[in-house]
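**Q** Input data_31.txt, format and content: compact mmCIF, C-alpha atoms and all ligand atoms.
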```txt
# COMPACT_ATOMS: atom_id res chain seq x y z
CA MET A 1 -22.58 70.12 6.78
CA LYS A 2 -18.81 70.29 6.72
CA LYS A 3 -18.73 69.90 10.50
CA LEU A 4 -20.91 66.82 10.29
CA LEU A 5 -18.55 65.26 7.77
CA VAL A 6 -15.57 65.93 10.03
CA ILE A 7 -17.42 64.41 13.01
CA ILE A 8 -18.34 61.34 11.02
CA LEU A 9 -14.76 60.96 9.86
CA ILE A 10 -13.40 61.27 13.41
CA VAL A 11 -15.96 58.84 14.81
CA SER A 12 -15.34 56.25 12.13
CA ALA A 13 -11.56 56.60 12.49
CA ALA A 14 -11.93 56.12 16.25
CA ALA A 15 -14.16 53.10 15.70
CA THR A 16 -11.68 51.58 13.29
CA TRP A 17 -8.82 52.16 15.70
CA ALA A 18 -10.80 50.74 18.60
CA GLY A 19 -11.94 47.78 16.52
CA CYS A 20 -8.44 46.92 15.38
CA SER A 21 -6.79 47.20 18.73
CA ASP A 22 -9.45 45.27 20.59
CA VAL A 23 -8.05 41.95 21.78
CA ARG A 24 -11.40 40.59 22.84
CA ARG A 25 -11.76 37.18 21.28
CA ASP A 26 -15.05 35.78 22.49
CA ARG A 27 -17.93 35.73 20.10
CA GLY A 28 -20.36 37.45 22.45
CA ARG A 29 -23.88 36.16 22.28
CA GLU A 30 -24.12 32.92 20.33
CA TYR A 31 -26.98 32.97 17.97
CA MET A 32 -26.48 29.46 16.50
CA PRO A 33 -24.00 27.48 18.64
CA ASP A 34 -24.11 24.47 16.35
CA MET A 35 -22.68 26.68 13.63
CA ALA A 36 -20.12 28.26 15.94
CA TYR A 37 -18.90 24.85 17.07
CA SER A 38 -18.66 22.35 14.22
CA ARG A 39 -19.98 18.91 14.97
CA ALA A 40 -18.04 17.47 12.04
CA TYR A 41 -15.52 14.78 12.81
CA GLU A 42 -12.05 16.07 12.10
CA THR A 43 -9.96 13.16 10.90
CA TYR A 44 -6.75 14.08 12.65
CA ASP A 45 -8.36 15.42 15.82
CA GLY A 46 -8.45 13.40 18.99
CA HIS A 47 -11.71 11.48 19.12
CA GLU A 48 -11.79 10.69 22.83
CA ASP A 49 -14.47 13.21 23.56
CA LEU A 50 -16.79 12.37 20.66
CA LYS A 51 -18.96 10.23 22.90
CA VAL A 52 -19.35 13.10 25.34
CA LYS A 53 -20.47 15.26 22.45
CA ASN A 54 -22.97 12.55 21.59
CA ILE A 55 -21.33 11.87 18.23
CA ASN A 56 -21.34 8.26 17.17
CA TYR A 57 -18.13 7.44 15.33
CA ASN A 58 -16.50 4.06 14.83
CA ALA A 59 -12.91 4.30 13.69
CA THR A 60 -12.69 0.63 12.76
CA PRO A 61 -15.01 -1.84 11.05
CA VAL A 62 -16.74 -4.36 13.29
CA ALA A 63 -14.30 -7.19 14.02
CA GLY A 64 -14.68 -10.17 11.71
CA THR A 65 -16.68 -8.33 9.07
CA ILE A 66 -15.72 -7.97 5.42
CA LYS A 67 -17.01 -5.24 3.16
CA ARG A 68 -19.49 -6.46 0.58
CA GLY A 69 -17.72 -7.48 -2.60
CA ALA A 70 -14.28 -7.25 -0.99
CA MET A 71 -11.73 -10.03 -1.23
CA PHE A 72 -11.02 -12.17 1.83
CA PRO A 73 -8.07 -10.83 3.79
CA PHE A 74 -4.66 -12.51 3.62
CA PRO A 75 -5.37 -15.86 5.31
CA ILE A 76 -2.21 -16.11 7.40
CA PRO A 77 -1.74 -13.94 10.48
CA MET A 78 1.45 -12.05 11.23
CA ASP A 79 4.28 -13.86 12.98
CA LYS A 80 5.09 -12.97 16.54
CA GLU A 81 8.36 -11.13 17.03
CA GLY A 82 11.29 -13.47 16.35
CA ASP A 83 9.14 -16.21 14.81
CA SER A 84 8.97 -16.97 11.10
CA THR A 85 6.55 -19.90 10.97
CA ASN A 86 3.81 -17.95 9.24
CA TYR A 87 6.25 -16.25 6.89
CA VAL A 88 7.36 -19.69 5.71
CA ALA A 89 3.79 -21.01 5.59
CA ALA A 90 2.81 -18.05 3.40
CA ARG A 91 4.71 -19.64 0.50
CA GLN A 92 1.80 -22.03 0.08
CA VAL A 93 -0.86 -19.32 -0.30
CA PRO A 94 -1.84 -19.05 -3.96
CA ASN A 95 -2.48 -15.72 -5.63
CA PRO A 96 -6.23 -15.45 -6.27
CA PHE A 97 -5.31 -13.76 -9.55
CA THR A 98 -3.97 -16.56 -11.72
CA THR A 99 -3.64 -14.02 -14.49
CA LEU A 100 -4.26 -10.31 -14.98
CA THR A 101 -6.43 -8.84 -17.70
CA GLU A 102 -4.92 -6.00 -19.67
CA GLY A 103 -6.79 -3.47 -17.52
CA GLN A 104 -5.75 -5.16 -14.28
CA ALA A 105 -2.11 -5.28 -15.42
CA LYS A 106 -2.25 -1.56 -16.09
CA GLU A 107 -3.81 -0.91 -12.69
CA ALA A 108 -1.24 -3.17 -10.99
CA GLU A 109 1.56 -1.22 -12.63
CA ARG A 110 -0.02 2.05 -11.50
CA LEU A 111 -0.26 0.78 -7.92
CA TYR A 112 3.32 -0.45 -8.02
CA LEU A 113 4.57 2.90 -9.31
CA ILE A 114 2.68 4.79 -6.60
CA ASN A 115 3.49 2.55 -3.64
CA CYS A 116 6.69 0.70 -4.36
CA ALA A 117 8.74 2.34 -7.11
CA ILE A 118 9.90 5.17 -4.84
CA CYS A 119 12.14 2.60 -3.14
CA HIS A 120 12.30 -0.45 -5.43
CA GLY A 121 12.59 1.60 -8.63
CA THR A 122 10.53 1.63 -11.81
CA ALA A 123 12.75 -1.17 -13.12
CA LEU A 124 12.23 -3.15 -9.86
CA ASP A 125 15.99 -3.08 -9.39
CA GLY A 126 15.89 -1.83 -5.80
CA ASN A 127 17.22 1.59 -6.73
CA GLY A 128 14.31 4.00 -6.56
CA PRO A 129 14.77 7.74 -5.95
CA LEU A 130 14.44 7.35 -2.16
CA TYR A 131 17.50 5.09 -2.07
CA ASN A 132 19.35 6.38 -5.15
CA GLY A 133 22.38 4.13 -4.88
CA GLY A 134 22.86 5.00 -1.23
CA ASN A 135 22.74 8.78 -1.80
CA GLY A 136 19.04 9.11 -1.11
CA PRO A 137 17.38 9.91 2.21
CA TYR A 138 16.34 6.27 2.79
CA PRO A 139 19.22 4.43 4.46
CA ALA A 140 18.19 0.79 3.94
CA ALA A 141 18.79 -0.78 0.54
CA PRO A 142 15.47 -1.94 -0.88
CA LYS A 143 15.58 -5.45 -2.35
CA ASN A 144 16.23 -5.84 -6.06
CA LEU A 145 12.96 -7.57 -6.87
CA VAL A 146 14.13 -9.01 -10.19
CA ALA A 147 17.75 -9.95 -9.46
CA ASP A 148 17.93 -10.78 -5.75
CA PRO A 149 18.55 -14.55 -5.62
CA VAL A 150 15.85 -15.09 -3.00
CA VAL A 151 13.24 -12.48 -3.86
CA SER A 152 13.35 -13.04 -7.64
CA VAL A 153 12.06 -16.60 -7.16
CA MET A 154 9.98 -15.96 -4.06
CA PRO A 155 6.50 -17.55 -4.17
CA GLU A 156 3.73 -15.02 -4.55
CA GLY A 157 2.15 -15.89 -1.20
CA GLN A 158 5.35 -14.99 0.60
CA ILE A 159 5.73 -11.72 -1.32
CA CYS A 160 2.17 -10.91 -0.33
CA TYR A 161 2.97 -11.74 3.30
CA SER A 162 5.87 -9.25 3.27
CA VAL A 163 3.81 -6.59 1.53
CA THR A 164 0.93 -7.12 3.98
CA TYR A 165 2.88 -7.17 7.24
CA GLY A 166 6.16 -5.53 6.27
CA LYS A 167 9.61 -7.04 6.29
CA GLY A 168 12.69 -5.81 8.10
CA GLN A 169 13.16 -2.19 7.12
CA MET A 170 10.07 -2.18 4.89
CA GLY A 171 6.78 -1.14 6.37
CA PRO A 172 3.44 -2.94 5.92
CA TYR A 173 1.13 -2.01 3.05
CA ALA A 174 -2.13 -3.48 4.36
CA SER A 175 -3.50 -0.03 5.16
CA ASN A 176 -2.39 1.49 1.83
CA LEU A 177 -3.60 -1.24 -0.48
CA ARG A 178 -6.70 -3.45 -0.31
CA THR A 179 -6.18 -7.22 -0.34
CA ASP A 180 -7.00 -7.46 -4.04
CA GLN A 181 -4.71 -4.54 -4.83
CA ARG A 182 -1.85 -6.18 -2.95
CA TRP A 183 -2.32 -9.44 -4.84
CA MET A 184 -2.39 -7.52 -8.11
CA VAL A 185 0.88 -5.77 -7.28
CA VAL A 186 2.37 -9.14 -6.32
CA LYS A 187 1.30 -10.56 -9.68
CA TYR A 188 2.84 -7.55 -11.41
CA VAL A 189 6.12 -8.16 -9.56
CA LYS A 190 6.01 -11.86 -10.47
CA MET A 191 5.33 -11.05 -14.13
CA LYS A 192 8.33 -8.69 -14.19
CA GLN A 193 10.48 -11.34 -12.53
CA LEU A 194 9.51 -13.91 -15.15
CA GLU A 195 10.10 -11.37 -17.89
CA LYS A 196 13.59 -10.73 -16.53
CA GLN A 197 14.24 -14.46 -16.38
CA GLY A 198 13.42 -14.64 -20.05
CA GLY A 199 9.82 -15.81 -19.69
CA LYS A 200 10.89 -19.37 -18.91
CA GLU A 201 8.98 -22.09 -20.69
CA PRO A 202 7.28 -24.30 -18.13
CA SER A 203 8.89 -27.33 -19.72
CA ALA A 204 12.39 -25.84 -19.71
CA GLY A 205 13.52 -25.62 -16.09
CA ALA A 206 13.10 -27.85 -13.08
CA PRO A 207 9.55 -29.19 -13.21
CA THR A 208 8.30 -28.03 -9.82
CA GLN A 209 9.46 -24.48 -10.16
CA SER A 210 8.40 -24.03 -13.75
CA GLN A 211 4.99 -25.52 -13.03
CA GLN A 212 4.63 -23.14 -10.16
CA GLN A 213 5.51 -20.24 -12.40
CA ALA A 214 3.14 -21.42 -15.09
CA ALA A 215 0.37 -21.63 -12.54
CA SER A 216 1.11 -18.33 -10.95
CA SER A 217 1.45 -16.38 -14.14
CA GLY A 218 -1.41 -18.08 -15.92
CA GLY A 219 0.58 -18.23 -19.14
CA ASN A 220 1.02 -14.51 -19.04
CA GLN A 221 4.75 -14.46 -19.43
CA PRO A 222 5.98 -12.82 -22.61
CA GLY A 223 7.21 -16.07 -24.15
CA GLY A 224 3.63 -17.34 -24.06
CA GLY A 225 5.21 -20.41 -22.51
CA ALA A 226 2.18 -21.80 -20.75
CA SER A 227 0.04 -22.14 -23.85
CA GLY A 228 0.76 -25.78 -24.55
CA ASP A 229 1.25 -26.87 -20.99
CA ASN A 230 -1.03 -27.80 -18.24
CA PRO A 231 -1.99 -24.74 -16.25
CA LYS A 232 -3.80 -26.92 -13.70
CA ALA A 233 -0.54 -26.95 -11.80
CA SER A 234 -2.14 -24.43 -9.45
CA GLY A 235 -3.81 -27.36 -7.72
CA SER A 236 -0.47 -28.87 -6.85
CA ARG A 237 1.21 -25.67 -5.78
CA THR A 238 4.35 -26.48 -3.84
CA PRO A 239 6.90 -24.30 -2.16
CA GLN A 240 9.86 -23.53 -4.31
CA PRO A 241 12.58 -26.11 -3.68
CA ASN A 242 15.47 -23.69 -3.71
CA GLN A 243 14.51 -21.60 -0.70
C1 LIG B 1 10.25 2.93 1.89
C2 LIG B 1 10.90 2.05 0.97
C3 LIG B 1 10.13 0.85 0.46
C4 LIG B 1 8.91 0.83 -0.16
C5 LIG B 1 8.01 2.01 -0.49
C6 LIG B 1 8.64 -0.55 -0.48
N1 LIG B 1 9.67 -1.33 -0.07
FE1 LIG B 1 9.85 -3.32 -0.37
N2 LIG B 1 11.57 -3.33 0.69
C7 LIG B 1 12.21 -2.23 1.18
C8 LIG B 1 13.39 -2.64 1.92
C9 LIG B 1 14.38 -1.73 2.62
C10 LIG B 1 13.43 -4.05 1.84
C11 LIG B 1 14.46 -4.99 2.49
C12 LIG B 1 13.85 -5.38 3.83
C13 LIG B 1 14.75 -6.25 4.65
O1 LIG B 1 15.01 -7.38 4.23
O2 LIG B 1 15.15 -5.79 5.72
C14 LIG B 1 12.28 -4.46 1.05
C15 LIG B 1 11.96 -5.76 0.75
C16 LIG B 1 10.95 -6.14 -0.10
C17 LIG B 1 10.68 -7.52 -0.51
C18 LIG B 1 11.41 -8.75 -0.01
C19 LIG B 1 10.64 -9.27 1.19
C20 LIG B 1 11.19 -10.50 1.82
O3 LIG B 1 10.36 -11.29 2.28
O4 LIG B 1 12.42 -10.65 1.86
C21 LIG B 1 9.63 -7.49 -1.39
C22 LIG B 1 8.98 -8.67 -2.07
C23 LIG B 1 9.21 -6.09 -1.48
N3 LIG B 1 10.04 -5.32 -0.70
C24 LIG B 1 8.16 -5.67 -2.26
C25 LIG B 1 7.62 -4.38 -2.16
C26 LIG B 1 6.38 -3.98 -2.79
C27 LIG B 1 5.53 -4.88 -3.68
C28 LIG B 1 6.17 -2.69 -2.44
C29 LIG B 1 4.98 -1.83 -2.77
C30 LIG B 1 3.71 -2.29 -2.28
C31 LIG B 1 7.31 -2.26 -1.62
N4 LIG B 1 8.15 -3.32 -1.45
C32 LIG B 1 7.48 -0.98 -1.11
C33 LIG B 1 11.82 -0.91 1.04
C34 LIG B 1 10.61 -0.52 0.51
```
Step by step, read the file and then write its structure as structure tokens.
Ligand code: HEC

**A**
Amino acid sequence: MKKLLVIILIVSAAATWAGCSDVRRDRGREYMPDMAYSRAYETYDGHEDLKVKNINYNATPVAGTIKRGAMFPFPIPMDKEGDSTNYVAARQVPNPFTTLTEGQAKEAERLYLINCAICHGTALDGNGPLYNGGNGPYPAAPKNLVADPVVSVMPEGQICYSVTYGKGQMGPYASNLRTDQRWMVVKYVKMKQLEKQGGKEPSAGAPTQSQQQAASSGGNQPGGGASGDNPKASGSRTPQPNQ
């Protein structure tokens, strides 16, 4: 009995040693190859050979189609390199959100904080943690969205153009945010700009600009300025005169 135990011990030790030192890597006989080789599509894998494997995968939606219930894409295409015709034309594109509900405003703020605040800052002052007054890892100074003389009065359509296609050192956000999300963030930025400018009364400043602001903010500025004025100005949206 004792001998048997010793033999068993020796055999199992030998088996363990042999098993551990074996460099054989093949699986031997494949019992269920479809389990051994996953047919799942791995997102970051190359997908050139999917067709060969008889896997039908379309990386992109069919051209010209829009998901049910989704907002139409930004109507103006991207400028060709060195051209700015469409960038200028984008000033005329109205924000489909004339105003944000409380829930939408909250969501817009959330999206801004996730996607933009890292560079433009939670106060929209262009000094987010990535830039950090020039000490951060991001070398280009993000625009101060509320104090930059051009950006702080930029029409919403043009802001949306820049957010959709990118601008200079800033990348495009069309793949991070849906069209409606981009417009909501733009409205959030515009609301903050108006807030910073003291929630201008539509009747106070130059008529064209203030009408434009009344139309674009839907009377949502903190001063409640649009209440007595005609918000139909959205029909006569004009580019801002000072740009
Ligand atoms: C990685 C940093 C970074 C992030 C994130 C970022 N921006 Fe920018 N943004 C910049 C920089 C840098 C510029 C200045 C670009 C230039 O003029 O070269 C800029 C410029 C802008 C402008 C001015 C565009 C123009 O037409 O002059 C607007 C508006 C703007 N950003 C809005 C946003 C919004 C909204 C988001 C979030 C969806 C965002 N940015 C996210 C870095 C960033």

**Q** Would you compute the distance between CA of Gly128 (chain A) and CA of Lys192 (chain A)? Give it in Å to one decimal.

**A**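 Those two atoms sit 16.0 Å apart.
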
**Q** Find, counting all atoms listed in the file, the residue in A:Pro142, A:Thr101, A:Arg68, A:Pro155 that gets nearest to Ile118 (chain A).

**A** A:Pro142

**Q** Can you list, as a list of chain:residue names, every protein, DNA or RNA residue that comes within 12 Å of Ala40 (chain A) when you count all atoms listed in the file, leaving out same-chain residues fewer than 5 positions away?

**A**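 The contact residues come out as A:Asp34, A:Met35, A:Asp45, A:His47, A:Leu50, A:Lys53, A:Asn54, A:Ile55, A:Asn56, A:Tyr57.
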
**Q** Which residues sit within 6 Å of ligand LIG 1 (chain B), counting only C-alpha atoms and all ligand atoms, listed as a PDB file with C-alpha atoms, in the frame of the given file?

**A**
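So selection31.pdb came out as:
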```pdb
ATOM      1  CA  TYR A 112       3.320  -0.450  -8.020  1.00  0.00           C
ATOM      2  CA  ASN A 115       3.490   2.550  -3.640  1.00  0.00           C
ATOM      3  CA  CYS A 116       6.690   0.700  -4.360  1.00  0.00           C
ATOM      4  CA  ILE A 118       9.900   5.170  -4.840  1.00  0.00           C
ATOM      5  CA  CYS A 119      12.140   2.600  -3.140  1.00  0.00           C
ATOM      6  CA  ALA A 140      18.190   0.790   3.940  1.00  0.00           C
ATOM      7  CA  ALA A 141      18.790  -0.780   0.540  1.00  0.00           C
ATOM      8  CA  PRO A 142      15.470  -1.940  -0.880  1.00  0.00           C
ATOM      9  CA  LYS A 143      15.580  -5.450  -2.350  1.00  0.00           C
ATOM     10  CA  VAL A 151      13.240 -12.480  -3.860  1.00  0.00           C
ATOM     11  CA  ILE A 159       5.730 -11.720  -1.320  1.00  0.00           C
ATOM     12  CA  SER A 162       5.870  -9.250   3.270  1.00  0.00           C
ATOM     13  CA  VAL A 163       3.810  -6.590   1.530  1.00  0.00           C
ATOM     14  CA  LYS A 167       9.610  -7.040   6.290  1.00  0.00           C
ATOM     15  CA  GLY A 168      12.690  -5.810   8.100  1.00  0.00           C
ATOM     16  CA  GLN A 169      13.160  -2.190   7.120  1.00  0.00           C
ATOM     17  CA  MET A 170      10.070  -2.180   4.890  1.00  0.00           C
ATOM     18  CA  TYR A 173       1.130  -2.010   3.050  1.00  0.00           C
ATOM     19  CA  VAL A 185       0.880  -5.770  -7.280  1.00  0.00           C
ATOM     20  CA  VAL A 186       2.370  -9.140  -6.320  1.00  0.00           C
TER      21      VAL A 186
END
```

**Q** Go through A:Tyr31, A:Tyr138, A:Phe74, A:Tyr131 one by one, measure the shortest atom-to-atom distance of each to Val93 (chain A) using all atoms listed in the file, and give the residue with the smallest value.

**A** A:Phe74

**Q** Measure the distance from CA of Asn86 (chain A) to CA of Ala117 (chain A) in Å and round it to one decimal.

**A** 26.5 Å

**Q** Excluding Val88 (chain A) and its own-chain neighbours fewer than 2 positions away, which residues fall within 10 Å of it when counting all atoms listed in the file? Please give them as a list of chain:residue names.

**A**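 Surrounding residues, per the criterion: A:Asp79, A:Asp83, A:Ser84, A:Thr85, A:Asn86, A:Ala90, A:Arg91, A:Gln92, A:Gly157, A:Gln158, A:Tyr161, A:Pro239, A:Gln243.
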
**Q** Filtering to C-alpha atoms, could you give me those residues as a PDB file, keeping the file's coordinate frame?

**A**
```pdb
ATOM      1  CA  ASP A  79       4.280 -13.860  12.980  1.00  0.00           C
ATOM      2  CA  ASP A  83       9.140 -16.210  14.810  1.00  0.00           C
ATOM      3  CA  SER A  84       8.970 -16.970  11.100  1.00  0.00           C
ATOM      4  CA  THR A  85       6.550 -19.900  10.970  1.00  0.00           C
ATOM      5  CA  ASN A  86       3.810 -17.950   9.240  1.00  0.00           C
ATOM      6  CA  ALA A  90       2.810 -18.050   3.400  1.00  0.00           C
ATOM      7  CA  ARG A  91       4.710 -19.640   0.500  1.00  0.00           C
ATOM      8  CA  GLN A  92       1.800 -22.030   0.080  1.00  0.00           C
ATOM      9  CA  GLY A 157       2.150 -15.890  -1.200  1.00  0.00           C
ATOM     10  CA  GLN A 158       5.350 -14.990   0.600  1.00  0.00           C
ATOM     11  CA  TYR A 161       2.970 -11.740   3.300  1.00  0.00           C
ATOM     12  CA  PRO A 239       6.900 -24.300  -2.160  1.00  0.00           C
ATOM     13  CA  GLN A 243      14.510 -21.600  -0.700  1.00  0.00           C
TER      14      GLN A 243
END
```

**Q** I need the residue nearest Pro96 (chain A) from this list: A:Glu30, A:Glu42, A:Glu156, A:Glu195. Use all atoms listed in the file for the distance.

**A**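 Residue with the minimum atom-to-atom distance to Pro96 (chain A): A:Glu156.
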
**Q** Residues at most 8 Å from Asp125 (chain A), counting all atoms listed in the file, excluding those fewer than 5 positions away in the same chain, as a PyMOL selection string?

**A** chain A and resi 120+143-147

**Q** Save out the residues we just selected, C-alpha atoms, as a PDB file, in the coordinates of the input.

**A**
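Final output, saved to result.pdb:
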```
ATOM      1  CA  HIS A 120      12.300  -0.450  -5.430  1.00  0.00           C
ATOM      2  CA  LYS A 143      15.580  -5.450  -2.350  1.00  0.00           C
ATOM      3  CA  ASN A 144      16.230  -5.840  -6.060  1.00  0.00           C
ATOM      4  CA  LEU A 145      12.960  -7.570  -6.870  1.00  0.00           C
ATOM      5  CA  VAL A 146      14.130  -9.010 -10.190  1.00  0.00           C
ATOM      6  CA  ALA A 147      17.750  -9.950  -9.460  1.00  0.00           C
TER       7      ALA A 147
END
```

**Q** By how many Å are CA of Gly134 (chain A) and CA of Met191 (chain A) apart?

**A** 27.0 Å
